[in-house]
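*Asks:* Contents of work.pdb (PDB, C-alpha atoms) are below:
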ATOM      1  CA  MET V   1    -118.166 -78.775  14.165
ATOM      2  CA  ASN V   2    -119.221 -82.310  13.185
ATOM      3  CA  HIS V   3    -120.650 -84.697  15.735
ATOM      4  CA  TYR V   4    -120.509 -88.458  15.208
ATOM      5  CA  ILE V   5    -123.222 -90.799  16.452
ATOM      6  CA  ASP V   6    -123.714 -94.574  16.258
ATOM      7  CA  THR V   7    -127.470 -94.790  15.574
ATOM      8  CA  PHE V   8    -129.948 -92.843  13.519
ATOM      9  CA  PRO V   9    -131.245 -89.870  15.509
ATOM     10  CA  GLY V  10    -134.873 -89.498  16.453
ATOM     11  CA  ARG V  11    -136.549 -86.293  17.632
ATOM     12  CA  LYS V  12    -133.949 -85.980  20.378
ATOM     13  CA  ILE V  13    -130.198 -86.455  20.347
ATOM     14  CA  THR V  14    -127.657 -86.521  23.143
ATOM     15  CA  LEU V  15    -124.267 -84.935  22.467
ATOM     16  CA  ASN V  16    -121.565 -84.973  25.122
ATOM     17  CA  GLY V  17    -124.177 -86.053  27.672
ATOM     18  CA  VAL V  18    -126.471 -83.094  26.905
ATOM     19  CA  PRO V  19    -129.928 -83.803  25.340
ATOM     20  CA  HIS V  20    -131.020 -81.667  22.370
ATOM     21  CA  LEU V  21    -134.011 -81.576  20.041
ATOM     22  CA  TYR V  22    -132.906 -82.711  16.583
ATOM     23  CA  PHE V  23    -134.241 -81.078  13.403
ATOM     24  CA  GLY V  24    -131.474 -81.829  10.891
ATOM     25  CA  GLY V  25    -130.698 -84.449   8.292
ATOM     26  CA  THR V  26    -133.102 -85.789   5.705
ATOM     27  CA  SER V  27    -135.699 -87.291   8.027
ATOM     28  CA  TYR V  28    -138.038 -84.327   7.884
ATOM     29  CA  LEU V  29    -141.030 -86.423   8.911
ATOM     30  CA  GLY V  30    -139.168 -88.618  11.400
ATOM     31  CA  LEU V  31    -140.074 -91.738   9.424
ATOM     32  CA  GLN V  32    -136.763 -93.542  10.000
ATOM     33  CA  THR V  33    -137.622 -94.021  13.670
ATOM     34  CA  ASP V  34    -141.398 -94.599  13.297
ATOM     35  CA  VAL V  35    -142.104 -98.255  14.199
ATOM     36  CA  ASP V  36    -145.034 -98.695  11.770
ATOM     37  CA  PHE V  37    -143.041 -97.198   8.915
ATOM     38  CA  GLN V  38    -140.035 -99.423   9.768
ATOM     39  CA  LYS V  39    -142.223-102.562   9.579
ATOM     40  CA  LEU V  40    -143.623-101.501   6.206
ATOM     41  CA  PHE V  41    -140.165-100.562   4.949
ATOM     42  CA  ILE V  42    -138.611-103.873   6.029
ATOM     43  CA  SER V  43    -141.415-105.902   4.418
ATOM     44  CA  ASN V  44    -140.889-104.009   1.166
ATOM     45  CA  ILE V  45    -137.114-104.492   1.304
ATOM     46  CA  LYS V  46    -137.790-108.239   1.504
ATOM     47  CA  LYS V  47    -140.103-107.976  -1.522
ATOM     48  CA  TYR V  48    -138.200-105.479  -3.725
ATOM     49  CA  GLY V  49    -134.630-105.601  -2.410
ATOM     50  CA  THR V  50    -132.510-102.789  -1.039
ATOM     51  CA  ASN V  51    -131.807-101.037  -4.338
ATOM     52  CA  TYR V  52    -132.673-101.363  -7.994
ATOM     53  CA  GLY V  53    -130.920 -98.327  -9.397
ATOM     54  CA  ALA V  54    -131.369 -99.319 -13.048
ATOM     55  CA  SER V  55    -135.126 -99.695 -12.673
ATOM     56  CA  ARG V  56    -135.838 -97.511 -15.711
ATOM     57  CA  LYS V  57    -133.037 -98.821 -17.939
ATOM     58  CA  SER V  58    -132.956-102.553 -17.243
ATOM     59  CA  ASN V  59    -134.437-105.266 -19.437
ATOM     60  CA  ILE V  60    -136.846-105.998 -16.573
ATOM     61  CA  ARG V  61    -138.646-103.402 -14.502
ATOM     62  CA  LEU V  62    -140.281-103.508 -11.113
ATOM     63  CA  SER V  63    -143.947-102.576 -11.563
ATOM     64  CA  VAL V  64    -144.025-100.733  -8.226
ATOM     65  CA  PHE V  65    -142.292 -97.702  -9.785
ATOM     66  CA  ASP V  66    -144.956 -97.225 -12.476
ATOM     67  CA  GLU V  67    -147.745 -97.987 -10.004
ATOM     68  CA  ALA V  68    -146.481 -95.419  -7.497
ATOM     69  CA  GLU V  69    -145.972 -92.744 -10.154
ATOM     70  CA  SER V  70    -149.442 -93.345 -11.627
ATOM     71  CA  TYR V  71    -150.943 -93.093  -8.148
ATOM     72  CA  LEU V  72    -149.098 -89.834  -7.423
ATOM     73  CA  ALA V  73    -150.105 -88.376 -10.809
ATOM     74  CA  LYS V  74    -153.767 -89.037 -10.012
ATOM     75  CA  ILE V  75    -153.422 -87.370  -6.600
ATOM     76  CA  VAL V  76    -151.990 -84.160  -8.081
ATOM     77  CA  GLY V  77    -154.071 -84.280 -11.271
ATOM     78  CA  SER V  78    -151.220 -84.504 -13.773
ATOM     79  CA  GLU V  79    -150.789 -86.645 -16.883
ATOM     80  CA  ALA V  80    -147.708 -88.313 -15.452
ATOM     81  CA  CYS V  81    -145.294 -88.201 -12.563
ATOM     82  CA  ILE V  82    -141.697 -89.148 -11.897
ATOM     83  CA  THR V  83    -140.187 -90.054  -8.558
ATOM     84  CA  LEU V  84    -136.560 -89.560  -7.673
ATOM     85  CA  SER V  85    -134.545 -90.777  -4.722
ATOM     86  CA  SER V  86    -133.719 -87.426  -3.116
ATOM     87  CA  GLY V  87    -134.522 -83.751  -3.120
ATOM     88  CA  TYR V  88    -130.989 -82.990  -4.284
ATOM     89  CA  LEU V  89    -131.494 -85.229  -7.319
ATOM     90  CA  VAL V  90    -134.820 -83.512  -8.059
ATOM     91  CA  GLY V  91    -133.041 -80.151  -8.088
ATOM     92  CA  GLN V  92    -130.319 -81.439 -10.424
ATOM     93  CA  PHE V  93    -132.888 -83.064 -12.728
ATOM     94  CA  LEU V  94    -135.044 -79.942 -12.923
ATOM     95  CA  ALA V  95    -132.123 -77.636 -13.608
ATOM     96  CA  GLN V  96    -130.708 -79.947 -16.298
ATOM     97  CA  VAL V  97    -134.058 -80.249 -18.078
ATOM     98  CA  LEU V  98    -134.511 -76.467 -18.130
ATOM     99  CA  ASN V  99    -130.902 -75.719 -19.116
ATOM    100  CA  THR V 100    -131.599 -74.838 -22.777
ATOM    101  CA  LYS V 101    -131.191 -71.837 -25.056
ATOM    102  CA  GLU V 102    -134.872 -71.053 -24.475
ATOM    103  CA  HIS V 103    -134.297 -70.352 -20.766
ATOM    104  CA  GLN V 104    -132.221 -67.868 -18.806
ATOM    105  CA  PHE V 105    -131.410 -68.850 -15.227
ATOM    106  CA  PHE V 106    -131.610 -66.457 -12.291
ATOM    107  CA  TYR V 107    -130.646 -67.533  -8.792
ATOM    108  CA  ALA V 108    -132.285 -65.957  -5.758
ATOM    109  CA  PRO V 109    -130.317 -65.384  -2.557
ATOM    110  CA  ASN V 110    -129.441 -68.656  -0.785
ATOM    111  CA  THR V 111    -130.588 -70.892  -3.649
ATOM    112  CA  HIS V 112    -130.020 -74.577  -2.926
ATOM    113  CA  SER V 113    -126.790 -75.878  -4.452
ATOM    114  CA  ALA V 114    -128.613 -78.673  -6.321
ATOM    115  CA  LEU V 115    -130.168 -76.120  -8.672
ATOM    116  CA  TYR V 116    -126.924 -74.616 -10.007
ATOM    117  CA  GLN V 117    -126.079 -75.587 -13.574
ATOM    118  CA  SER V 118    -123.852 -72.685 -14.467
ATOM    119  CA  LYS V 119    -121.239 -70.385 -13.004
ATOM    120  CA  ILE V 120    -123.864 -67.665 -12.535
ATOM    121  CA  LYS V 121    -123.805 -66.307  -8.997
ATOM    122  CA  SER V 122    -126.975 -65.817  -7.019
ATOM    123  CA  TYR V 123    -128.298 -62.314  -6.465
ATOM    124  CA  THR V 124    -127.558 -60.945  -3.025
ATOM    125  CA  THR V 125    -131.014 -59.402  -2.584
ATOM    126  CA  PHE V 126    -134.485 -60.079  -3.920
ATOM    127  CA  ALA V 127    -134.679 -56.458  -5.032
ATOM    128  CA  SER V 128    -131.659 -56.877  -7.335
ATOM    129  CA  LEU V 129    -133.104 -60.170  -8.607
ATOM    130  CA  ASN V 130    -136.404 -58.437  -9.362
ATOM    131  CA  ILE V 131    -134.639 -55.714 -11.356
ATOM    132  CA  ALA V 132    -132.583 -58.266 -13.308
ATOM    133  CA  VAL V 133    -135.614 -60.372 -14.235
ATOM    134  CA  ARG V 134    -137.600 -57.294 -15.323
ATOM    135  CA  GLU V 135    -134.688 -56.100 -17.490
ATOM    136  CA  HIS V 136    -134.381 -59.569 -19.001
ATOM    137  CA  LEU V 137    -138.098 -59.644 -19.847
ATOM    138  CA  GLU V 138    -137.783 -56.297 -21.643
ATOM    139  CA  SER V 139    -134.745 -57.271 -23.708
ATOM    140  CA  SER V 140    -134.857 -61.015 -24.355
ATOM    141  CA  LYS V 141    -137.126 -63.666 -25.804
ATOM    142  CA  SER V 142    -135.784 -66.458 -23.601
ATOM    143  CA  ALA V 143    -137.950 -67.424 -20.655
ATOM    144  CA  PRO V 144    -136.538 -66.478 -17.257
ATOM    145  CA  VAL V 145    -136.275 -69.331 -14.757
ATOM    146  CA  VAL V 146    -135.918 -68.117 -11.188
ATOM    147  CA  PHE V 147    -134.487 -70.638  -8.757
ATOM    148  CA  PHE V 148    -134.907 -70.116  -5.050
ATOM    149  CA  ARG V 149    -134.816 -72.237  -2.003
TER     150      ARG V 149
END
Once more with this new file: its structure as structure tokens, please.
*Replies:*
Amino acid sequence: MNHYIDTFPGRKITLNGVPHLYFGGTSYLGLQTDVDFQKLFISNIKKYGTNYGASRKSNIRLSVFDEAESYLAKIVGSEACITLSSGYLVGQFLAQVLNTKEHQFFYAPNTHSALYQSKIKSYTTFASLNIAVREHLESSKSAPVVFFR
């Protein structure tokens, strides 16, 4: 059953007059309702605009993307970093990059839908997945890629 609301939910939501704790959606950290984050977000919307979807393909680029990715790369100790706008897009990107002849995909039970790049069904148990990956390693030179939630 879908419920419709008129404002973004915070930690609590009232449905049909009954209050509930709210843990859904994409606001895992509750940032959309945090006043300090809202002020920072609004100031950056005024500076950078609401969307610049062609930031990597345009003839001009906003430096904030490269600055943020360089900063994140230093934090995690990698040569480079890429940021994407959603977890779903990250899953699609990762699966597309790895979708080559050199890789064989295996999907664990309840794998997130963003990771699917083929008609291969997920395994119903981790035991059956384990057996399939072991058999693949014994008989194939392609690298197994196991996707799971």
*Asks:* Determine, counting all atoms listed in the file, which protein, DNA and RNA residues have an atom within 8 Å of an atom of segment 127-143 of chain V; residues of the same chain fewer than 5 positions away are not included. Present the result as a PyMOL selection string.
*Replies:* chain V and resi 101-104+106-108
*Asks:* Can you list what the PyMOL selection byres ((chain V and resi 111-115) around 10) grabs from this structure, as number ranges by chain?
*Replies:* V: 87-96, 105-110, 116-118, 121-123, 146-149
*Asks:* Put those residues in a file: C-alpha atoms, as a PDB file, keeping the file's coordinate frame.
*Replies:*
ATOM      1  CA  GLY V  87    -134.522 -83.751  -3.120  1.00  0.00           C
ATOM      2  CA  TYR V  88    -130.989 -82.990  -4.284  1.00  0.00           C
ATOM      3  CA  LEU V  89    -131.494 -85.229  -7.319  1.00  0.00           C
ATOM      4  CA  VAL V  90    -134.820 -83.512  -8.059  1.00  0.00           C
ATOM      5  CA  GLY V  91    -133.041 -80.151  -8.088  1.00  0.00           C
ATOM      6  CA  GLN V  92    -130.319 -81.439 -10.424  1.00  0.00           C
ATOM      7  CA  PHE V  93    -132.888 -83.064 -12.728  1.00  0.00           C
ATOM      8  CA  LEU V  94    -135.044 -79.942 -12.923  1.00  0.00           C
ATOM      9  CA  ALA V  95    -132.123 -77.636 -13.608  1.00  0.00           C
ATOM     10  CA  GLN V  96    -130.708 -79.947 -16.298  1.00  0.00           C
ATOM     11  CA  PHE V 105    -131.410 -68.850 -15.227  1.00  0.00           C
ATOM     12  CA  PHE V 106    -131.610 -66.457 -12.291  1.00  0.00           C
ATOM     13  CA  TYR V 107    -130.646 -67.533  -8.792  1.00  0.00           C
ATOM     14  CA  ALA V 108    -132.285 -65.957  -5.758  1.00  0.00           C
ATOM     15  CA  PRO V 109    -130.317 -65.384  -2.557  1.00  0.00           C
ATOM     16  CA  ASN V 110    -129.441 -68.656  -0.785  1.00  0.00           C
ATOM     17  CA  TYR V 116    -126.924 -74.616 -10.007  1.00  0.00           C
ATOM     18  CA  GLN V 117    -126.079 -75.587 -13.574  1.00  0.00           C
ATOM     19  CA  SER V 118    -123.852 -72.685 -14.467  1.00  0.00           C
ATOM     20  CA  LYS V 121    -123.805 -66.307  -8.997  1.00  0.00           C
ATOM     21  CA  SER V 122    -126.975 -65.817  -7.019  1.00  0.00           C
ATOM     22  CA  TYR V 123    -128.298 -62.314  -6.465  1.00  0.00           C
ATOM     23  CA  VAL V 146    -135.918 -68.117 -11.188  1.00  0.00           C
ATOM     24  CA  PHE V 147    -134.487 -70.638  -8.757  1.00  0.00           C
ATOM     25  CA  PHE V 148    -134.907 -70.116  -5.050  1.00  0.00           C
ATOM     26  CA  ARG V 149    -134.816 -72.237  -2.003  1.00  0.00           C
TER      27      ARG V 149
END
*Asks:* What separation in Å, quoted to one decimal, exists between atom CA of Phe65 of chain V and atom CA of Thr100 of chain V?
*Replies:*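 Atom CA of Thr100 of chain V lies at a distance of 28.4 Å from atom CA of Phe65 of chain V.
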*Asks:* For the PyMOL selection byres ((chain V and resi 5-19) around 9), applied here, can you spell out every residue it catches as a PyMOL selection string?
*Replies:* chain V and resi 3-4+20-23+27+30+32-34
*Asks:* Find the smallest box with edges along x, y and z containing every listed atom of segment 92-107 of chain V, then add 6 Å on each side and report centre and edge lengths in Å to one decimal, as JSON.
*Replies:*
{"center_x": -132.7, "center_y": -74.8, "center_z": -16.9, "size_x": 16.7, "size_y": 28.6, "size_z": 28.3}
*Asks:* Can you tell me which residues surround Ser70 of chain V at a distance of at most 9 Å, considering all atoms listed in the file, apart from same-chain residues fewer than 3 positions away, and format the answer as JSON, numbers by chain?
*Replies:* {"V": [65, 66, 67, 73, 74, 75, 79, 80, 81, 82]}
*Asks:* Of the residues V:Gly24, V:Val145, V:Ile42, V:Thr83, which is the one nearest to Arg56 of chain V, using all atoms listed in the file?
*Replies:* V:Thr83
*Asks:* Quick one: residues within 12 Å of segment 43-49 of chain V, only C-alpha atoms, excluding same-chain residues fewer than 2 positions away - as a PyMOL selection string?
*Replies:* chain V and resi 36-41+51-53+55+61-65
*Asks:* Just to confirm, what's the straight-line distance from atom CA of Ala54 of chain V to atom CA of Leu72 of chain V in Å (one decimal)?
*Replies:*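 Separation between atom CA of Ala54 of chain V and atom CA of Leu72 of chain V: 20.9 Å.
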